[in-house]
>>> print(open('work.cif').read())   # mmCIF, C-alpha atoms
data_protein
loop_
_atom_site.label_atom_id
_atom_site.label_comp_id
_atom_site.auth_asym_id
_atom_site.auth_seq_id
_atom_site.Cartn_x
_atom_site.Cartn_y
_atom_site.Cartn_z
CA MET A 699 28.70 42.47 -7.69
CA ILE A 700 30.83 39.70 -9.14
CA TYR A 701 30.32 37.58 -6.03
CA PHE A 702 26.57 38.16 -6.18
CA LEU A 703 26.46 37.03 -9.82
CA LEU A 704 28.56 34.00 -8.98
CA LEU A 705 26.23 33.14 -6.11
CA MET A 706 23.16 33.50 -8.34
CA THR A 707 24.80 31.29 -10.96
CA ILE A 708 25.52 28.58 -8.38
CA VAL A 709 21.94 28.78 -7.06
CA GLY A 710 20.56 28.60 -10.60
CA ILE A 711 22.67 25.57 -11.47
CA SER A 712 21.67 23.88 -8.20
CA ILE A 713 17.96 24.43 -8.88
CA PHE A 714 18.40 23.11 -12.43
CA LEU A 715 20.19 20.00 -11.19
CA ILE A 716 17.54 19.31 -8.52
CA ASP A 717 15.01 19.12 -11.36
CA ALA A 718 17.21 17.56 -14.02
CA ILE A 719 18.90 14.72 -12.14
CA PRO A 720 15.65 12.86 -11.23
CA LEU A 721 14.35 13.25 -14.80
CA PHE A 722 17.59 11.92 -16.25
CA THR A 723 17.64 9.06 -13.73
CA VAL A 724 14.14 7.98 -14.73
CA TRP A 725 14.94 8.20 -18.45
CA GLN A 726 18.11 6.14 -18.29
CA SER A 727 16.64 3.59 -15.88
CA ARG A 728 13.91 2.69 -18.37
CA ILE A 729 16.38 1.65 -21.04
CA LYS A 730 16.00 -2.12 -21.57
CA ILE A 731 13.23 -2.25 -18.99
CA GLY A 732 11.71 -5.66 -18.25
CA ARG A 733 14.50 -7.74 -19.77
CA PHE A 734 15.32 -10.61 -17.41
CA ALA A 735 16.62 -13.97 -18.55
CA THR A 736 14.50 -15.92 -16.07
CA PRO A 737 11.76 -15.22 -13.51
CA GLU A 738 14.25 -16.22 -10.81
CA MET A 739 16.65 -13.47 -11.89
CA TRP A 740 13.79 -11.00 -11.80
CA GLN A 741 12.84 -12.06 -8.26
CA GLU A 742 16.43 -11.74 -7.11
CA LYS A 743 16.64 -8.19 -8.50
CA LEU A 744 13.41 -7.25 -6.70
CA LEU A 745 14.74 -8.62 -3.45
CA VAL A 746 18.14 -6.92 -3.66
CA ILE A 747 16.75 -3.44 -4.23
CA SER A 748 14.01 -3.92 -1.64
CA LYS A 749 16.58 -4.69 1.05
CA LYS A 750 18.61 -1.69 -0.12
CA TRP A 751 15.55 0.55 0.17
CA LEU A 752 14.98 -0.64 3.72
CA GLN A 753 18.06 1.40 4.66
CA ASN A 754 16.94 4.49 2.72
CA ILE A 755 13.42 4.36 1.33
CA PRO A 756 12.84 6.56 -1.74
CA THR A 757 10.66 9.59 -1.12
CA VAL A 758 7.19 9.53 -2.64
CA PRO A 759 6.44 13.16 -3.58
CA LEU A 760 3.20 14.84 -2.54
CA THR A 761 3.13 16.77 -5.78
CA ASP A 762 3.15 15.82 -9.45
CA ASN A 763 5.23 18.90 -10.16
CA ARG A 764 8.54 18.11 -11.89
CA ARG A 765 9.76 21.69 -12.29
CA LEU A 766 11.22 23.97 -9.59
CA ILE A 767 10.64 21.24 -7.00
CA VAL A 768 12.99 23.08 -4.66
CA ILE A 769 10.07 25.43 -3.97
CA ASP A 770 7.91 22.50 -2.85
CA MET A 771 10.76 21.29 -0.65
CA LEU A 772 11.20 24.70 0.99
CA GLN A 773 7.45 25.05 1.57
CA GLY A 774 7.17 21.56 3.08
CA ASN A 775 4.96 20.34 0.24
CA TYR A 776 7.29 17.69 -1.14
CA LYS A 777 6.89 14.76 1.24
CA ARG A 778 4.83 13.64 4.23
CA THR A 779 5.50 11.05 6.95
CA ALA A 780 2.13 9.33 6.52
CA ILE A 781 2.78 8.61 2.83
CA GLN A 782 6.22 7.22 3.61
CA SER A 783 4.80 4.98 6.35
CA TRP A 784 2.78 2.83 3.95
CA GLN A 785 5.78 2.55 1.63
CA GLU A 786 7.80 1.22 4.57
CA ALA A 787 4.94 -1.03 5.67
CA ALA A 788 4.65 -2.78 2.32
CA LEU A 789 8.40 -3.40 2.15
CA ILE A 790 8.32 -4.94 5.63
CA LEU A 791 5.34 -7.12 4.69
CA GLY A 792 7.11 -8.30 1.54
CA LEU A 793 10.41 -9.02 3.25
CA THR A 794 8.61 -10.78 6.11
CA GLU A 795 7.03 -13.15 3.60
CA TYR A 796 10.49 -13.77 2.14
CA ILE A 797 11.87 -14.54 5.62
CA LYS A 798 9.01 -16.97 6.29
CA ARG A 799 9.83 -18.78 3.04
CA THR A 800 13.62 -18.87 3.35
CA GLY A 801 14.52 -18.36 7.01
CA ASP A 802 17.12 -15.77 5.93
CA SER A 803 18.62 -14.64 9.26
CA GLN A 804 20.44 -11.65 7.76
CA THR A 805 17.25 -10.19 6.33
CA GLN A 806 15.51 -10.92 9.63
CA LYS A 807 18.16 -8.85 11.41
CA GLU A 808 17.80 -5.99 8.91
CA VAL A 809 14.05 -5.91 9.45
CA GLU A 810 14.48 -5.99 13.24
CA ASP A 811 17.00 -3.14 12.99
CA PHE A 812 14.44 -1.16 11.02
CA LEU A 813 11.89 -1.75 13.79
CA SER A 814 14.43 -0.55 16.37
CA ARG A 815 15.00 2.66 14.42
CA LYS A 816 11.27 3.40 14.55
CA THR A 817 10.71 2.72 18.26
CA THR A 818 12.12 3.86 21.59
CA SER A 819 13.77 1.69 24.24
CA SER A 820 10.43 1.62 26.09
CA GLY A 821 8.62 0.22 23.04
CA THR A 822 6.75 3.36 21.95
CA TRP A 823 6.91 5.04 18.55
CA LYS A 824 9.61 7.69 18.07
CA VAL A 825 7.16 9.52 15.81
CA LYS A 826 3.66 9.28 17.28
CA PRO A 827 1.00 8.12 14.82
CA THR A 828 -1.63 10.75 14.03
CA GLU A 829 -3.15 9.51 10.75
CA SER A 830 -4.78 6.26 9.66
CA ASP A 831 -2.05 5.66 7.04
CA GLN A 832 0.40 4.93 9.84
CA ALA A 833 -1.59 1.94 11.13
CA MET A 834 -0.30 -0.06 8.18
CA LEU A 835 3.28 0.25 9.45
CA ALA A 836 2.18 -1.03 12.85
CA TYR A 837 0.48 -3.96 11.11
CA SER A 838 3.65 -4.82 9.21
CA PHE A 839 5.61 -4.99 12.48
CA LEU A 840 2.87 -6.95 14.23
CA ASN A 841 2.96 -9.39 11.32
CA MET A 842 6.67 -10.10 11.84
CA GLU A 843 7.67 -13.43 13.32
CA LEU A 844 10.52 -14.30 15.70
CA ILE A 845 10.20 -11.12 17.78
CA ASP A 846 8.55 -10.57 21.16
CA HIS A 847 5.61 -8.31 20.34
CA GLN A 848 4.98 -7.68 24.01
CA ASN A 849 8.09 -5.47 23.98
CA TYR A 850 6.41 -3.22 21.43
CA LYS A 851 2.89 -3.29 22.84
CA PRO A 852 3.10 0.41 23.84
CA ALA A 853 3.58 1.31 20.15
CA TYR A 854 0.68 -0.91 19.11
CA ASP A 855 -1.47 0.63 21.85
CA GLU A 856 -0.60 4.11 20.56
CA THR A 857 -1.71 3.07 17.10
CA TYR A 858 -4.97 1.62 18.39
CA GLN A 859 -5.73 4.78 20.36
CA MET A 860 -5.01 6.88 17.26
CA ILE A 861 -7.55 4.81 15.32
CA LEU A 862 -10.15 5.21 18.09
CA SER A 863 -9.61 8.99 18.02
CA LEU A 864 -10.79 8.94 14.39
CA LYS A 865 -13.90 6.89 15.15
CA GLY A 866 -17.17 8.61 14.34
CA GLU A 867 -20.69 8.38 15.73
CA ASP A 868 -21.55 5.81 13.06
CA GLY A 869 -19.03 3.42 14.63
CA THR A 870 -16.52 3.50 11.78
CA VAL A 871 -13.17 5.25 11.37
CA ALA A 872 -12.45 8.42 9.39
CA TYR A 873 -9.39 8.76 7.18
CA LYS A 874 -8.33 12.03 8.81
CA ASN A 875 -9.75 14.42 11.38
CA HIS A 876 -10.55 17.14 8.86
CA VAL A 877 -12.72 14.85 6.70
CA LYS A 878 -14.76 13.09 9.38
CA GLU A 879 -17.95 13.31 7.32
CA TYR A 880 -16.50 10.89 4.76
CA ARG A 881 -15.27 7.32 4.87
CA PHE A 882 -12.38 6.70 2.48
CA VAL A 883 -11.75 3.32 0.90
CA ASP A 884 -8.04 3.77 1.71
CA THR A 885 -8.86 3.39 5.40
CA VAL A 886 -10.07 -0.18 4.91
CA GLY A 887 -6.59 -1.15 3.75
CA PHE A 888 -4.76 0.97 6.30
CA ILE A 889 -6.46 -0.05 9.54
CA CYS A 890 -8.46 -3.28 9.26
CA PRO A 891 -5.64 -5.86 9.15
CA PHE A 892 -3.93 -4.12 12.07
CA LEU A 893 -7.13 -4.06 14.13
CA VAL A 894 -7.74 -7.79 13.66
CA LEU A 895 -4.16 -8.84 14.44
CA TYR A 896 -3.93 -6.44 17.39
CA GLY A 897 -7.22 -7.77 18.72
CA LEU A 898 -6.14 -11.39 18.37
CA LYS A 899 -2.67 -10.97 19.89
CA PHE A 900 -3.74 -8.81 22.84
CA GLY A 901 -7.27 -10.02 23.46
CA VAL A 902 -9.13 -6.88 22.33
CA GLN A 903 -12.38 -8.10 20.81
CA GLU A 904 -13.58 -4.54 20.18
CA ALA A 905 -10.69 -4.01 17.74
CA ILE A 906 -11.71 -7.06 15.72
CA ASP A 907 -15.35 -5.95 15.69
CA LEU A 908 -14.31 -2.50 14.48
CA ALA A 909 -12.33 -3.97 11.57
CA VAL A 910 -15.26 -6.10 10.45
CA LYS A 911 -17.66 -3.15 10.69
CA GLN A 912 -15.30 -0.92 8.67
CA VAL A 913 -15.29 -3.51 5.87
CA THR A 914 -18.98 -4.40 5.91
CA ASP A 915 -20.16 -0.78 6.12
CA TYR A 916 -18.01 0.08 3.12
CA GLN A 917 -19.47 -2.88 1.30
CA LYS A 918 -22.95 -1.60 2.16
CA TYR A 919 -22.55 2.10 1.27
CA GLY A 920 -19.49 2.51 -0.96
CA MET A 921 -20.00 0.00 -3.77
CA MET A 922 -21.39 0.11 -7.29
CA GLN A 923 -24.73 -1.59 -7.78
CA THR A 924 -23.65 -3.38 -10.95
CA ALA A 925 -20.23 -4.64 -9.79
CA ASN A 926 -18.39 -5.00 -6.51
CA ILE A 927 -16.14 -2.04 -7.25
CA PRO A 928 -15.72 0.68 -4.58
CA CYS A 929 -16.10 4.42 -4.85
CA HIS A 930 -13.33 6.59 -3.42
CA THR A 931 -15.47 7.66 -0.43
CA TYR A 932 -19.00 7.77 0.90
CA ASN A 933 -20.69 10.38 3.08
CA VAL A 934 -21.53 9.02 6.53
CA HIS A 935 -24.63 11.21 6.90
CA THR A 936 -26.26 10.69 3.51
CA LYS A 937 -24.67 7.30 2.76
CA THR A 938 -23.97 8.67 -0.72
CA PRO A 939 -20.89 7.44 -2.65
CA THR A 940 -18.62 10.39 -3.41
CA GLY A 941 -15.72 10.62 -5.84
CA LEU A 942 -14.70 8.24 -8.56
CA PHE A 943 -15.93 4.69 -9.05
CA GLY A 944 -13.25 2.49 -10.57
CA TRP A 945 -10.15 4.20 -9.17
CA GLY A 946 -7.70 1.31 -9.39
CA ARG A 947 -5.81 1.83 -6.15
CA GLY A 948 -9.12 2.37 -4.38
CA LEU A 949 -10.11 -1.14 -5.44
CA ALA A 950 -6.70 -2.32 -4.25
CA TRP A 951 -7.08 -0.68 -0.83
CA PHE A 952 -10.44 -2.36 -0.33
CA ALA A 953 -9.17 -5.70 -1.62
CA ILE A 954 -6.07 -5.95 0.59
CA GLY A 955 -7.92 -4.74 3.68
CA LEU A 956 -10.69 -7.23 3.02
CA ILE A 957 -8.47 -10.21 2.23
CA ASP A 958 -6.09 -9.80 5.19
CA THR A 959 -9.00 -9.28 7.56
CA TRP A 960 -10.65 -12.47 6.30
CA LYS A 961 -7.41 -14.46 6.40
CA LEU A 962 -6.64 -13.42 9.98
CA LEU A 963 -10.09 -14.09 11.43
CA PRO A 964 -10.44 -17.44 13.20
CA THR A 965 -12.32 -20.10 11.24
CA ASN A 966 -15.22 -20.04 13.68
CA HIS A 967 -15.66 -16.26 13.63
CA PRO A 968 -19.33 -15.43 12.83
CA ASP A 969 -18.41 -12.90 10.11
CA LYS A 970 -15.81 -15.04 8.32
CA LYS A 971 -18.35 -16.40 5.85
CA THR A 972 -19.77 -12.94 5.16
CA LEU A 973 -16.33 -11.64 4.26
CA GLN A 974 -15.69 -14.69 2.09
CA ILE A 975 -18.79 -13.88 0.04
CA ILE A 976 -17.56 -10.29 -0.41
CA ILE A 977 -14.15 -11.60 -1.49
CA ALA A 978 -15.71 -13.83 -4.14
CA GLU A 979 -17.83 -10.95 -5.46
CA THR A 980 -14.81 -8.63 -5.52
CA ALA A 981 -12.62 -11.17 -7.30
CA LYS A 982 -15.25 -11.85 -9.96
CA SER A 983 -15.70 -8.12 -10.56
CA ALA A 984 -11.99 -7.32 -10.63
CA THR A 985 -10.98 -10.05 -13.07
CA LYS A 986 -13.41 -8.64 -15.64
CA PHE A 987 -11.28 -5.52 -15.84
CA GLN A 988 -7.82 -7.07 -16.03
CA ASN A 989 -6.06 -5.92 -19.19
CA LYS A 990 -4.76 -8.40 -21.77
CA ASN A 991 -1.18 -7.72 -20.69
CA GLY A 992 -2.06 -8.69 -17.09
CA SER A 993 -2.15 -5.16 -15.68
CA PHE A 994 -4.94 -3.10 -14.17
CA SER A 995 -5.40 0.50 -15.28
CA TRP A 996 -5.47 3.36 -12.81
CA LEU A 997 -9.08 3.82 -13.96
CA ILE A 998 -10.01 0.18 -14.28
CA PHE A 999 -13.06 0.71 -16.51
CA ASP A 1000 -10.96 2.42 -19.19
CA GLN A 1001 -8.34 0.16 -20.73
CA LYS A 1002 -6.91 3.18 -22.55
CA SER A 1003 -5.94 4.77 -19.23
CA ARG A 1004 -2.42 4.06 -18.01
CA SER A 1005 -1.64 0.76 -16.37
CA ASP A 1006 -0.87 1.11 -12.67
CA SER A 1007 1.71 -1.25 -11.22
CA SER A 1008 0.60 -0.49 -7.66
CA VAL A 1009 -2.90 -1.78 -8.39
CA THR A 1010 -1.52 -4.79 -10.24
CA ALA A 1011 0.86 -5.76 -7.42
CA THR A 1012 -1.67 -5.38 -4.61
CA LEU A 1013 -4.33 -7.31 -6.53
CA SER A 1014 -1.80 -10.09 -7.15
CA TRP A 1015 -1.67 -10.49 -3.36
CA PHE A 1016 -5.46 -10.41 -3.12
CA PHE A 1017 -5.76 -13.12 -5.78
CA SER A 1018 -3.13 -15.25 -3.99
CA LEU A 1019 -5.21 -15.47 -0.84
CA ALA A 1020 -8.60 -15.47 -2.58
CA ALA A 1021 -7.48 -18.59 -4.49
CA GLU A 1022 -8.02 -20.51 -1.24
CA ILE A 1023 -11.76 -20.19 -1.91
CA PRO A 1024 -12.63 -23.18 -4.14
CA GLU A 1025 -15.27 -21.51 -6.33
CA ILE A 1026 -12.85 -18.81 -7.52
CA ALA A 1027 -9.52 -20.64 -7.17
CA ASP A 1028 -8.81 -21.19 -10.88
CA SER A 1029 -9.68 -17.66 -12.00
CA CYS A 1030 -7.69 -16.12 -9.12
CA ASN A 1031 -4.59 -18.20 -9.80
CA THR A 1032 -4.73 -17.22 -13.47
CA ALA A 1033 -5.23 -13.55 -12.64
CA LYS A 1034 -2.31 -13.63 -10.18
CA GLN A 1035 0.07 -15.12 -12.73
CA LYS A 1036 -0.95 -12.52 -15.30
CA CYS A 1037 -0.29 -9.77 -12.76
CA LEU A 1038 3.19 -11.09 -12.00
CA HIS A 1039 4.05 -11.44 -15.68
CA TYR A 1040 3.10 -7.83 -16.28
CA LEU A 1041 5.11 -6.61 -13.28
CA GLU A 1042 8.21 -8.35 -14.63
CA THR A 1043 7.85 -6.51 -17.95
CA VAL A 1044 7.86 -3.10 -16.22
CA THR A 1045 10.76 -3.72 -13.84
CA ARG A 1046 13.82 -1.54 -14.35
CA ARG A 1047 17.28 -3.04 -14.72
CA ASP A 1048 18.04 -2.41 -11.03
CA GLY A 1049 14.93 -4.31 -9.90
CA ALA A 1050 12.60 -1.38 -9.21
CA ILE A 1051 9.07 -1.88 -10.52
CA ASP A 1052 8.06 1.15 -12.57
CA PHE A 1053 4.83 2.93 -13.50
CA SER A 1054 2.93 3.14 -10.22
CA GLN A 1055 0.51 6.02 -9.80
CA GLY A 1056 1.68 8.75 -7.44
CA ASP A 1057 -0.04 10.00 -4.30
CA THR A 1058 -3.70 11.02 -4.51
CA LYS A 1059 -4.35 14.73 -3.90
CA GLY A 1060 -7.95 14.56 -2.68
CA ILE A 1061 -11.40 13.20 -3.47
CA GLY A 1062 -11.52 12.90 -7.25
CA VAL A 1063 -8.03 14.36 -7.73
CA TYR A 1064 -5.60 11.66 -8.87
CA SER A 1065 -1.93 11.77 -9.73
CA GLN A 1066 -0.86 11.42 -13.34
CA ASN A 1067 2.72 10.75 -12.34
CA PHE A 1068 3.70 7.08 -12.80
CA ASP A 1069 7.04 6.11 -11.30
CA ILE A 1070 8.53 3.79 -8.67
CA LEU A 1071 6.63 3.18 -5.44
CA PRO A 1072 8.13 1.04 -2.64
CA PHE A 1073 4.56 0.02 -1.77
CA THR A 1074 4.33 -1.77 -5.13
CA GLN A 1075 7.66 -3.47 -4.56
CA GLY A 1076 6.56 -4.80 -1.20
CA TYR A 1077 3.33 -6.32 -2.47
CA ALA A 1078 5.09 -7.95 -5.40
CA LEU A 1079 7.49 -9.60 -2.94
CA ARG A 1080 4.62 -10.55 -0.67
CA THR A 1081 2.97 -12.40 -3.55
CA LEU A 1082 6.12 -14.04 -4.88
CA PHE A 1083 7.17 -15.46 -1.52
CA PHE A 1084 3.71 -16.16 -0.11
CA VAL A 1085 3.66 -19.14 2.25
CA LYS A 1086 0.23 -20.74 2.60
#
>>> encode(input="work.cif", output="structure tokens")
Amino acid sequence: MIYFLLLMTIVGISIFLIDAIPLFTVWQSRIKIGRFATPEMWQEKLLVISKKWLQNIPTVPLTDNRRLIVIDMLQGNYKRTAIQSWQEAALILGLTEYIKRTGDSQTQKEVEDFLSRKTTSSGTWKVKPTESDQAMLAYSFLNMELIDHQNYKPAYDETYQMILSLKGEDGTVAYKNHVKEYRFVDTVGFICPFLVLYGLKFGVQEAIDLAVKQVTDYQKYGMMQTANIPCHTYNVHTKTPTGLFGWGRGLAWFAIGLIDTWKLLPTNHPDKKTLQIIIAETAKSATKFQNKNGSFSWLIFDQKSRSDSSVTATLSWFFSLAAEIPEIADSCNTAKQKCLHYLETVTRRDGAIDFSQGDTKGIGVYSQNFDILPFTQGYALRTLFFVK
């Protein structure tokens, strides 16, 4: 009996600590948040922790639950590979931009080592991609310089085939197999840049065409009539927008998918001008909803809703590239600088940007947990070290 009571006590303490340690860590890490002597010191902190995370990327929980999380862990409801893949992707994209700017050979090696850990000796993925989220990781690798992408073509081919398996009769790609009747705005950000770069590097015109169609169909069926702000999804049969208009990260997904697709397309591509017009409309709409402190709220129409660092970081990247369009250059440069200033104010002492919205649970069901997100970190780095 005594041993049983001792065992139960140990189990109880363990469960308490599993809940308590993360809560305490968050609390103490926010002490003196955003206090950096210079922007350069802030950038250095971001970089140091990002490279550290490359070795062990923090888990983004599926659930908002902060109590008895051991139950979620035991039931397999705590984390998912697909969510982690876009955290990893953004870090790679950010560090790649840093390498382009500085030529840092040590960071280049660390990124290449990360690629090696994800792929087999024959160039295929160790974990086969099954969801559209995972295309973003393939894009981040394909975007890397100084490596022979032909060695990893089998992995890129696997990703392309996964995307094609999600293609519907309407000619666009579903987010997941079990929701094929909807087109999610997330998918624009996940797959379109990969499709364009894959198509360009390996001569697959159909991939480029698919990316452009994914963007232009969303523009046609998933946007507000009064502003170029996307809805969460639209129904492919009825062409009816479904879910929330003004979800901040939904706008971000559309914006980064759109801007990278446009940037990658050759100058003489027949749809380049069409995408440029959409970019200008999106930029003009988005800047109207930027908060005075430089942030964007998770629900962008409501300035009283919480600011979301993930939206702010990704839109800073969008504004960086959109500033190449003369008619919106000044407003985009201003918006970008305001975004970066805000992100500095919500960066923890160790360099982790705080207050990013957690993972979305479904159409119209959004996380109210705001914490660190490696995805945010990566896009902040991508903006800070952007090389035109």
>>> resolve_selection(input="work.cif", expression="the PyMOL selection byres ((chain A and resi 854-864) around 7)", output="VMD selection string")
chain A and resid 827 to 828 830 833 836 850 to 853 865 to 866 871 to 872 874 to 875
>>> atom_distance(input="work.cif", atom1="CA of Gly944 (chain A)", atom2="CA of Ser1007 (chain A)")
15.4 Å
>>> residues_near_point(input="work.cif", point="(5.6, -5.2, 24.3)", cutoff="12 Å", atoms="only C-alpha atoms", output="PyMOL selection string")
chain A and resi 817-823+839-840+845-856+896+899-900
>>> atom_distance(input="work.cif", atom1="CA of Gln1075 (chain A)", atom2="CA of Leu973 (chain A)")
26.8 Å
>>> atom_distance(input="work.cif", atom1="CA of Gly1076 (chain A)", atom2="CA of Ile1051 (chain A)")
10.1 Å
>>> closest_residue(input="work.cif", among="A:Gly992, A:Gly955, A:Gly1049, A:Gly897", to="Cys1037 (chain A)", atoms="only C-alpha atoms")
A:Gly992
>>> resolve_selection(input="work.cif", expression="the PyMOL selection byres ((chain A and resi 743) around 12)", output="number ranges by chain")
A: 732-742, 744-750, 1042, 1045-1051, 1075, 1078-1079
>>> residues_around(input="work.cif", residues="Val886 (chain A)", least_positions_apart="3", cutoff="7 Å", atoms="all atoms listed in the file", output="PyMOL selection string")
chain A and resi 883+889-890+912-913+951-952+955
>>> closest_residue(input="work.cif", among="A:Phe943, A:Phe888, A:Phe1068, A:Phe882", to="Tyr916 (chain A)", atoms="only C-alpha atoms")
A:Phe882
>>> closest_residue(input="work.cif", among="A:Tyr932, A:Tyr1040, A:Phe994, A:Tyr873", to="Gly887 (chain A)", atoms="only C-alpha atoms")
A:Tyr873
>>> resolve_selection(input="work.cif", expression="the PyMOL selection byres ((chain A and resi 1015-1026) around 8)", output="list in words")
Ala953, Ile954, Ile957, Lys961, Gln974, Ile977, Ala978, Ala981, Lys982, Ala1011, Thr1012, Leu1013, Ser1014, Ala1027, Asp1028, Ser1029, Cys1030, Asn1031, Ala1033, Lys1034, Tyr1077, Ala1078, Arg1080, Thr1081 and Phe1084 of chain A
>>> write_last_selection(input="work.cif", atoms="C-alpha atoms", output="compact mmCIF listing (two decimals), in the frame of the given file")
# COMPACT_ATOMS: atom_id res chain seq x y z
CA ALA A 953 -9.17 -5.70 -1.62
CA ILE A 954 -6.07 -5.95 0.59
CA ILE A 957 -8.47 -10.21 2.23
CA LYS A 961 -7.41 -14.46 6.40
CA GLN A 974 -15.69 -14.69 2.09
CA ILE A 977 -14.15 -11.60 -1.49
CA ALA A 978 -15.71 -13.83 -4.14
CA ALA A 981 -12.62 -11.17 -7.30
CA LYS A 982 -15.25 -11.85 -9.96
CA ALA A 1011 0.86 -5.76 -7.42
CA THR A 1012 -1.67 -5.38 -4.61
CA LEU A 1013 -4.33 -7.31 -6.53
CA SER A 1014 -1.80 -10.09 -7.15
CA ALA A 1027 -9.52 -20.64 -7.17
CA ASP A 1028 -8.81 -21.19 -10.88
CA SER A 1029 -9.68 -17.66 -12.00
CA CYS A 1030 -7.69 -16.12 -9.12
CA ASN A 1031 -4.59 -18.20 -9.80
CA ALA A 1033 -5.23 -13.55 -12.64
CA LYS A 1034 -2.31 -13.63 -10.18
CA TYR A 1077 3.33 -6.32 -2.47
CA ALA A 1078 5.09 -7.95 -5.40
CA ARG A 1080 4.62 -10.55 -0.67
CA THR A 1081 2.97 -12.40 -3.55
CA PHE A 1084 3.71 -16.16 -0.11
>>> closest_residue(input="work.cif", among="A:Val877, A:Ile1070, A:Val902, A:Val894", to="Thr757 (chain A)", atoms="all atoms listed in the file")
A:Ile1070
>>> closest_residue(input="work.cif", among="A:Leu844, A:Asn926, A:Phe1073, A:Leu835", to="Asp802 (chain A)", atoms="only C-alpha atoms")
A:Leu844
>>> closest_residue(input="work.cif", among="A:Trp960, A:Tyr837, A:Phe1053, A:Tyr880", to="Thr1010 (chain A)", atoms="all atoms listed in the file")
A:Phe1053
>>> residues_around(input="work.cif", residues="Thr1058 (chain A)", least_positions_apart="2", cutoff="12 Å", atoms="only C-alpha atoms", output="PDB file with C-alpha atoms, in the frame of the given file")
ATOM      1  CA  VAL A 758       7.190   9.530  -2.640  1.00  0.00           C
ATOM      2  CA  PRO A 759       6.440  13.160  -3.580  1.00  0.00           C
ATOM      3  CA  LEU A 760       3.200  14.840  -2.540  1.00  0.00           C
ATOM      4  CA  THR A 761       3.130  16.770  -5.780  1.00  0.00           C
ATOM      5  CA  ASP A 762       3.150  15.820  -9.450  1.00  0.00           C
ATOM      6  CA  ILE A 781       2.780   8.610   2.830  1.00  0.00           C
ATOM      7  CA  PHE A 882     -12.380   6.700   2.480  1.00  0.00           C
ATOM      8  CA  ASP A 884      -8.040   3.770   1.710  1.00  0.00           C
ATOM      9  CA  HIS A 930     -13.330   6.590  -3.420  1.00  0.00           C
ATOM     10  CA  TRP A 945     -10.150   4.200  -9.170  1.00  0.00           C
ATOM     11  CA  GLY A 946      -7.700   1.310  -9.390  1.00  0.00           C
ATOM     12  CA  ARG A 947      -5.810   1.830  -6.150  1.00  0.00           C
ATOM     13  CA  GLY A 948      -9.120   2.370  -4.380  1.00  0.00           C
ATOM     14  CA  TRP A 996      -5.470   3.360 -12.810  1.00  0.00           C
ATOM     15  CA  SER A1054       2.930   3.140 -10.220  1.00  0.00           C
ATOM     16  CA  GLN A1055       0.510   6.020  -9.800  1.00  0.00           C
ATOM     17  CA  GLY A1056       1.680   8.750  -7.440  1.00  0.00           C
ATOM     18  CA  GLY A1060      -7.950  14.560  -2.680  1.00  0.00           C
ATOM     19  CA  ILE A1061     -11.400  13.200  -3.470  1.00  0.00           C
ATOM     20  CA  GLY A1062     -11.520  12.900  -7.250  1.00  0.00           C
ATOM     21  CA  VAL A1063      -8.030  14.360  -7.730  1.00  0.00           C
ATOM     22  CA  TYR A1064      -5.600  11.660  -8.870  1.00  0.00           C
ATOM     23  CA  SER A1065      -1.930  11.770  -9.730  1.00  0.00           C
ATOM     24  CA  GLN A1066      -0.860  11.420 -13.340  1.00  0.00           C
ATOM     25  CA  ASN A1067       2.720  10.750 -12.340  1.00  0.00           C
ATOM     26  CA  PHE A1068       3.700   7.080 -12.800  1.00  0.00           C
TER      27      PHE A1068
END
>>> residues_near_point(input="work.cif", point="(3.7, -16.9, 3.5)", cutoff="9 Å", atoms="only C-alpha atoms", output="MDAnalysis selection string")
chainID A and resid 794:799 1080:1081 1083:1086
